[in-house]
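J.: What follows is input13.cif, mmCIF, N, CA and C atoms.
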```cif
data_query
#
loop_
_atom_site.label_atom_id
_atom_site.label_comp_id
_atom_site.auth_asym_id
_atom_site.auth_seq_id
_atom_site.Cartn_x
_atom_site.Cartn_y
_atom_site.Cartn_z
N MET A 904 68.79 -36.09 40.35
CA MET A 904 68.05 -36.69 41.45
C MET A 904 68.96 -36.86 42.66
N LEU A 905 70.21 -37.22 42.43
CA LEU A 905 71.14 -37.43 43.54
C LEU A 905 71.41 -36.13 44.29
N ILE A 906 71.54 -35.04 43.55
CA ILE A 906 71.78 -33.74 44.19
C ILE A 906 70.60 -33.35 45.07
N LEU A 907 69.39 -33.57 44.58
CA LEU A 907 68.20 -33.24 45.37
C LEU A 907 68.11 -34.12 46.61
N ARG A 908 68.44 -35.38 46.47
CA ARG A 908 68.41 -36.30 47.62
C ARG A 908 69.43 -35.87 48.67
N VAL A 909 70.63 -35.52 48.23
CA VAL A 909 71.67 -35.07 49.17
C VAL A 909 71.24 -33.77 49.84
N LEU A 910 70.64 -32.86 49.07
CA LEU A 910 70.15 -31.61 49.64
C LEU A 910 69.06 -31.86 50.69
N ASN A 911 68.13 -32.77 50.40
CA ASN A 911 67.07 -33.10 51.37
C ASN A 911 67.65 -33.70 52.64
N ILE A 912 68.62 -34.58 52.49
CA ILE A 912 69.25 -35.20 53.67
C ILE A 912 69.99 -34.15 54.48
N ALA A 913 70.72 -33.27 53.80
CA ALA A 913 71.48 -32.23 54.50
C ALA A 913 70.55 -31.28 55.24
N LEU A 914 69.48 -30.84 54.59
CA LEU A 914 68.52 -29.95 55.25
C LEU A 914 67.88 -30.62 56.46
N THR A 915 67.53 -31.89 56.32
CA THR A 915 66.91 -32.61 57.43
C THR A 915 67.89 -32.78 58.59
N LEU A 916 69.14 -33.10 58.29
CA LEU A 916 70.12 -33.28 59.37
C LEU A 916 70.44 -31.98 60.08
N VAL A 917 70.57 -30.90 59.34
CA VAL A 917 70.83 -29.59 59.97
C VAL A 917 69.64 -29.20 60.85
N ALA A 918 68.43 -29.38 60.32
CA ALA A 918 67.24 -29.06 61.11
C ALA A 918 67.11 -29.97 62.32
N LEU A 919 67.49 -31.24 62.17
CA LEU A 919 67.43 -32.18 63.30
C LEU A 919 68.36 -31.73 64.42
N CYS A 920 69.57 -31.34 64.08
CA CYS A 920 70.51 -30.86 65.10
C CYS A 920 69.98 -29.59 65.77
N PHE A 921 69.48 -28.67 64.98
CA PHE A 921 68.96 -27.42 65.50
C PHE A 921 67.77 -27.66 66.43
N ILE A 922 66.80 -28.44 66.00
CA ILE A 922 65.58 -28.68 66.78
C ILE A 922 65.89 -29.48 68.04
N SER A 923 66.71 -30.51 67.91
CA SER A 923 67.06 -31.31 69.09
C SER A 923 67.80 -30.48 70.13
N PHE A 924 68.75 -29.67 69.67
CA PHE A 924 69.51 -28.84 70.60
C PHE A 924 68.60 -27.84 71.32
N TRP A 925 67.78 -27.12 70.57
CA TRP A 925 66.95 -26.11 71.20
C TRP A 925 65.86 -26.70 72.08
N SER A 926 65.33 -27.84 71.73
CA SER A 926 64.31 -28.44 72.60
C SER A 926 64.94 -29.01 73.87
N ALA A 927 66.23 -29.31 73.84
CA ALA A 927 66.90 -29.83 75.02
C ALA A 927 67.44 -28.72 75.92
N VAL A 928 67.78 -27.57 75.37
CA VAL A 928 68.51 -26.56 76.13
C VAL A 928 67.69 -25.29 76.40
N PHE A 929 66.86 -24.88 75.49
CA PHE A 929 66.20 -23.58 75.56
C PHE A 929 65.20 -23.51 76.71
N TYR A 930 65.42 -22.55 77.61
CA TYR A 930 64.49 -22.32 78.72
C TYR A 930 64.72 -20.92 79.26
N LEU A 931 63.66 -20.17 79.43
CA LEU A 931 63.77 -18.79 79.88
C LEU A 931 63.24 -18.57 81.29
N GLY A 932 63.08 -19.62 82.05
CA GLY A 932 62.52 -19.48 83.39
C GLY A 932 63.59 -19.56 84.46
N SER A 933 63.12 -19.49 85.70
CA SER A 933 64.01 -19.57 86.85
C SER A 933 64.14 -21.03 87.29
N GLU A 934 65.02 -21.25 88.26
CA GLU A 934 65.18 -22.60 88.79
C GLU A 934 63.91 -23.06 89.50
N TYR A 935 63.22 -22.11 90.12
CA TYR A 935 61.96 -22.44 90.81
C TYR A 935 60.90 -22.92 89.80
N SER A 936 60.76 -22.20 88.70
CA SER A 936 59.75 -22.61 87.72
C SER A 936 60.16 -23.91 87.01
N TYR A 937 61.47 -24.15 86.88
CA TYR A 937 61.94 -25.42 86.32
C TYR A 937 61.57 -26.58 87.25
N ALA A 938 61.73 -26.37 88.56
CA ALA A 938 61.34 -27.40 89.52
C ALA A 938 59.84 -27.64 89.47
N LYS A 939 59.08 -26.58 89.28
CA LYS A 939 57.62 -26.70 89.16
C LYS A 939 57.24 -27.49 87.90
N LEU A 940 57.96 -27.27 86.82
CA LEU A 940 57.73 -28.04 85.59
C LEU A 940 57.98 -29.52 85.83
N LYS A 941 59.03 -29.83 86.59
CA LYS A 941 59.34 -31.23 86.87
C LYS A 941 58.29 -31.88 87.78
N GLU A 942 57.63 -31.08 88.61
CA GLU A 942 56.57 -31.64 89.47
C GLU A 942 55.37 -32.05 88.63
N GLU A 943 55.04 -31.26 87.64
CA GLU A 943 53.92 -31.57 86.73
C GLU A 943 54.51 -32.13 85.44
N LEU A 944 55.18 -33.25 85.55
CA LEU A 944 56.03 -33.76 84.48
C LEU A 944 55.25 -34.10 83.21
N VAL A 945 54.14 -34.82 83.32
CA VAL A 945 53.44 -35.29 82.13
C VAL A 945 52.88 -34.13 81.32
N SER A 946 52.18 -33.22 81.98
CA SER A 946 51.59 -32.10 81.23
C SER A 946 52.69 -31.16 80.71
N SER A 947 53.74 -30.95 81.50
CA SER A 947 54.83 -30.09 81.05
C SER A 947 55.56 -30.69 79.88
N PHE A 948 55.77 -32.01 79.92
CA PHE A 948 56.44 -32.70 78.82
C PHE A 948 55.63 -32.58 77.53
N LEU A 949 54.33 -32.83 77.63
CA LEU A 949 53.48 -32.76 76.44
C LEU A 949 53.41 -31.34 75.88
N LYS A 950 53.29 -30.35 76.76
CA LYS A 950 53.22 -28.96 76.30
C LYS A 950 54.53 -28.54 75.62
N ARG A 951 55.66 -28.92 76.22
CA ARG A 951 56.95 -28.56 75.62
C ARG A 951 57.14 -29.27 74.29
N PHE A 952 56.80 -30.54 74.22
CA PHE A 952 56.95 -31.27 72.96
C PHE A 952 56.04 -30.69 71.89
N LEU A 953 54.80 -30.40 72.23
CA LEU A 953 53.89 -29.83 71.24
C LEU A 953 54.35 -28.44 70.80
N GLY A 954 54.94 -27.69 71.72
CA GLY A 954 55.49 -26.39 71.35
C GLY A 954 56.65 -26.51 70.38
N PHE A 955 57.51 -27.48 70.60
CA PHE A 955 58.64 -27.67 69.69
C PHE A 955 58.26 -28.50 68.47
N PHE A 956 57.08 -29.09 68.45
CA PHE A 956 56.61 -29.81 67.26
C PHE A 956 56.29 -28.84 66.12
N ILE A 957 56.06 -27.58 66.45
CA ILE A 957 55.79 -26.58 65.42
C ILE A 957 56.99 -26.44 64.48
N LEU A 958 58.20 -26.47 65.03
CA LEU A 958 59.39 -26.33 64.20
C LEU A 958 59.55 -27.46 63.18
N PRO A 959 59.42 -28.74 63.55
CA PRO A 959 59.50 -29.79 62.53
C PRO A 959 58.42 -29.64 61.46
N PHE A 960 57.25 -29.20 61.86
CA PHE A 960 56.17 -29.02 60.89
C PHE A 960 56.53 -27.93 59.88
N ILE A 961 57.05 -26.81 60.36
CA ILE A 961 57.41 -25.70 59.48
C ILE A 961 58.56 -26.11 58.54
N VAL A 962 59.56 -26.78 59.08
CA VAL A 962 60.69 -27.21 58.26
C VAL A 962 60.24 -28.23 57.20
N SER A 963 59.36 -29.15 57.58
CA SER A 963 58.88 -30.14 56.63
C SER A 963 58.06 -29.51 55.51
N VAL A 964 57.27 -28.50 55.85
CA VAL A 964 56.53 -27.77 54.81
C VAL A 964 57.52 -27.07 53.88
N GLY A 965 58.57 -26.50 54.43
CA GLY A 965 59.60 -25.86 53.60
C GLY A 965 60.28 -26.84 52.67
N ILE A 966 60.60 -28.02 53.18
CA ILE A 966 61.21 -29.06 52.34
C ILE A 966 60.24 -29.51 51.26
N TRP A 967 58.96 -29.62 51.61
CA TRP A 967 57.96 -29.99 50.61
C TRP A 967 57.87 -28.93 49.51
N VAL A 968 57.85 -27.67 49.90
CA VAL A 968 57.76 -26.59 48.91
C VAL A 968 58.97 -26.61 47.98
N LEU A 969 60.17 -26.81 48.54
CA LEU A 969 61.37 -26.88 47.73
C LEU A 969 61.28 -28.02 46.72
N ASN A 970 60.88 -29.19 47.17
CA ASN A 970 60.79 -30.34 46.28
C ASN A 970 59.66 -30.18 45.27
N TRP A 971 58.56 -29.57 45.69
CA TRP A 971 57.45 -29.34 44.78
C TRP A 971 57.85 -28.37 43.66
N LEU A 972 58.60 -27.32 44.04
CA LEU A 972 59.08 -26.38 43.03
C LEU A 972 60.04 -27.05 42.05
N VAL A 973 60.90 -27.91 42.55
CA VAL A 973 61.81 -28.65 41.67
C VAL A 973 61.00 -29.53 40.72
N TYR A 974 59.96 -30.16 41.22
CA TYR A 974 59.09 -31.00 40.38
C TYR A 974 58.36 -30.16 39.34
N ARG A 975 57.76 -29.04 39.78
CA ARG A 975 56.97 -28.20 38.87
C ARG A 975 57.83 -27.53 37.80
N LEU A 976 59.02 -27.09 38.19
CA LEU A 976 59.89 -26.43 37.22
C LEU A 976 60.62 -27.42 36.32
N GLY A 977 60.61 -28.68 36.70
CA GLY A 977 61.25 -29.70 35.88
C GLY A 977 62.76 -29.66 35.92
N VAL A 978 63.31 -29.11 36.99
CA VAL A 978 64.76 -29.02 37.12
C VAL A 978 65.38 -30.41 37.18
N VAL A 979 64.76 -31.29 37.94
CA VAL A 979 65.20 -32.67 38.08
C VAL A 979 63.99 -33.56 37.85
N ALA A 980 64.19 -34.65 37.14
CA ALA A 980 63.09 -35.58 36.89
C ALA A 980 62.84 -36.41 38.15
N ILE A 981 61.75 -36.11 38.84
CA ILE A 981 61.38 -36.85 40.04
C ILE A 981 59.94 -37.31 39.91
N ASN A 982 59.60 -38.29 40.71
CA ASN A 982 58.24 -38.81 40.75
C ASN A 982 57.31 -37.75 41.33
N ARG A 983 56.06 -37.79 40.95
CA ARG A 983 55.09 -36.81 41.42
C ARG A 983 54.87 -36.88 42.93
N ASP A 984 54.96 -38.07 43.50
CA ASP A 984 54.73 -38.27 44.93
C ASP A 984 55.98 -38.02 45.79
N TYR A 985 57.11 -37.78 45.16
CA TYR A 985 58.36 -37.63 45.89
C TYR A 985 58.34 -36.48 46.90
N PRO A 986 57.85 -35.29 46.55
CA PRO A 986 57.87 -34.19 47.54
C PRO A 986 57.12 -34.50 48.83
N ILE A 987 55.95 -35.11 48.73
CA ILE A 987 55.17 -35.41 49.94
C ILE A 987 55.82 -36.53 50.74
N LYS A 988 56.46 -37.47 50.05
CA LYS A 988 57.15 -38.57 50.74
C LYS A 988 58.34 -38.03 51.53
N VAL A 989 59.11 -37.16 50.91
CA VAL A 989 60.27 -36.57 51.59
C VAL A 989 59.83 -35.72 52.77
N ALA A 990 58.77 -34.95 52.60
CA ALA A 990 58.27 -34.11 53.70
C ALA A 990 57.76 -34.97 54.85
N ALA A 991 57.10 -36.07 54.56
CA ALA A 991 56.59 -36.94 55.62
C ALA A 991 57.73 -37.59 56.39
N ILE A 992 58.73 -38.06 55.68
CA ILE A 992 59.90 -38.68 56.34
C ILE A 992 60.62 -37.63 57.19
N SER A 993 60.77 -36.44 56.64
CA SER A 993 61.41 -35.35 57.38
C SER A 993 60.63 -35.00 58.64
N LEU A 994 59.31 -34.95 58.53
CA LEU A 994 58.47 -34.64 59.69
C LEU A 994 58.64 -35.68 60.79
N VAL A 995 58.68 -36.94 60.43
CA VAL A 995 58.86 -38.00 61.42
C VAL A 995 60.23 -37.89 62.09
N ILE A 996 61.28 -37.72 61.29
CA ILE A 996 62.64 -37.64 61.85
C ILE A 996 62.78 -36.43 62.76
N LEU A 997 62.29 -35.29 62.32
CA LEU A 997 62.42 -34.07 63.12
C LEU A 997 61.54 -34.12 64.37
N SER A 998 60.40 -34.77 64.29
CA SER A 998 59.54 -34.92 65.47
C SER A 998 60.20 -35.81 66.51
N VAL A 999 60.87 -36.86 66.06
CA VAL A 999 61.62 -37.70 67.00
C VAL A 999 62.75 -36.90 67.64
N GLY A 1000 63.39 -36.04 66.86
CA GLY A 1000 64.44 -35.18 67.42
C GLY A 1000 63.89 -34.24 68.48
N ALA A 1001 62.71 -33.66 68.23
CA ALA A 1001 62.09 -32.79 69.23
C ALA A 1001 61.70 -33.59 70.47
N LEU A 1002 61.24 -34.81 70.28
CA LEU A 1002 60.87 -35.67 71.40
C LEU A 1002 62.09 -36.02 72.24
N VAL A 1003 63.19 -36.39 71.59
CA VAL A 1003 64.42 -36.72 72.31
C VAL A 1003 64.96 -35.49 73.03
N GLY A 1004 64.94 -34.34 72.38
CA GLY A 1004 65.40 -33.11 73.02
C GLY A 1004 64.55 -32.76 74.23
N THR A 1005 63.24 -32.93 74.13
CA THR A 1005 62.37 -32.67 75.26
C THR A 1005 62.64 -33.63 76.41
N PHE A 1006 62.89 -34.89 76.06
CA PHE A 1006 63.24 -35.88 77.08
C PHE A 1006 64.55 -35.49 77.77
N LEU A 1007 65.54 -35.05 77.00
CA LEU A 1007 66.81 -34.63 77.61
C LEU A 1007 66.63 -33.40 78.49
N PHE A 1008 65.75 -32.51 78.12
CA PHE A 1008 65.48 -31.31 78.93
C PHE A 1008 64.97 -31.71 80.31
N PHE A 1009 64.07 -32.66 80.37
CA PHE A 1009 63.48 -33.04 81.66
C PHE A 1009 64.33 -34.07 82.41
N SER A 1010 65.31 -34.68 81.77
CA SER A 1010 66.14 -35.66 82.47
C SER A 1010 67.34 -35.01 83.16
N ASN A 1011 67.53 -33.71 82.97
CA ASN A 1011 68.64 -33.00 83.63
C ASN A 1011 68.45 -32.94 85.11
#
```
What do you get writing this file as structure tokens?

T.:
Amino acid sequence: MLILRVLNIALTLVALCFISFWSAVFYLGSEYSYAKLKEELVSSFLKRFLGFFILPFIVSVGIWVLNWLVYRLGVVAINRDYPIKVAAISLVILSVGALVGTFLFFSN
């Protein structure tokens, strides 16, 4: 159980760093279009956050599948509700990371 918990924490932290960094830095537009995004701040913020919310969702589903497989194969004795609990916590943490990264993108 301890190994699975450490693995879940490590996966979540690596994904948190990745998602936060890319939501704060990644942009393929010009300086003009960046200024235009800042003019329409609320809608641009929501669109960017929702766009980067896809990554936490995908990672959380992956973590759920990993934990579900561990439960089904009986590799580690875990509670039946553990995979969904870990995925939900991961989704919340990674979503906050995407939100903070999006905030940092627009605060530059």

J.: Using all atoms listed in the file, determine which residues lie at most 6.5 Å from stretch 945-954 of chain A, disregarding the query and same-chain residues fewer than 4 positions distant; provide the list as a list in words.

T.: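 Close residues of stretch 945-954 of chain A: Leu940, Leu958, Ala1001, Leu1002 and Thr1005 of chain A.
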
J.: One decimal, Å: what's the distance from atom N of A:Tyr930 over to atom N of A:Gly1000, could you say?

T.: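 Value for the atom N of A:Tyr930-atom N of A:Gly1000 distance: 17.4 Å.
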
J.: For each of A:Lys941, A:Ser998, A:Ile966, A:Phe956, take the minimum atom-to-atom distance to A:Pro986, counting all atoms listed in the file, then give the residue where this is smallest.

T.: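 Looking only at the distances to A:Pro986, the closest residue turns out to be A:Ile966.
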
J.: To one decimal in Å, tell me the separation between atom N of A:Leu931 and atom C of A:Val962.

T.: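 For atom N of A:Leu931 relative to atom C of A:Val962, the distance reads 23.9 Å.
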
J.: Could you name the residues that touch stretch 969-982 of chain A at 8 Å or less, counting all atoms listed in the file, but leaving out those on the same chain fewer than 6 positions away, as a PyMOL selection string?

T.: chain A and resi 904+907+963
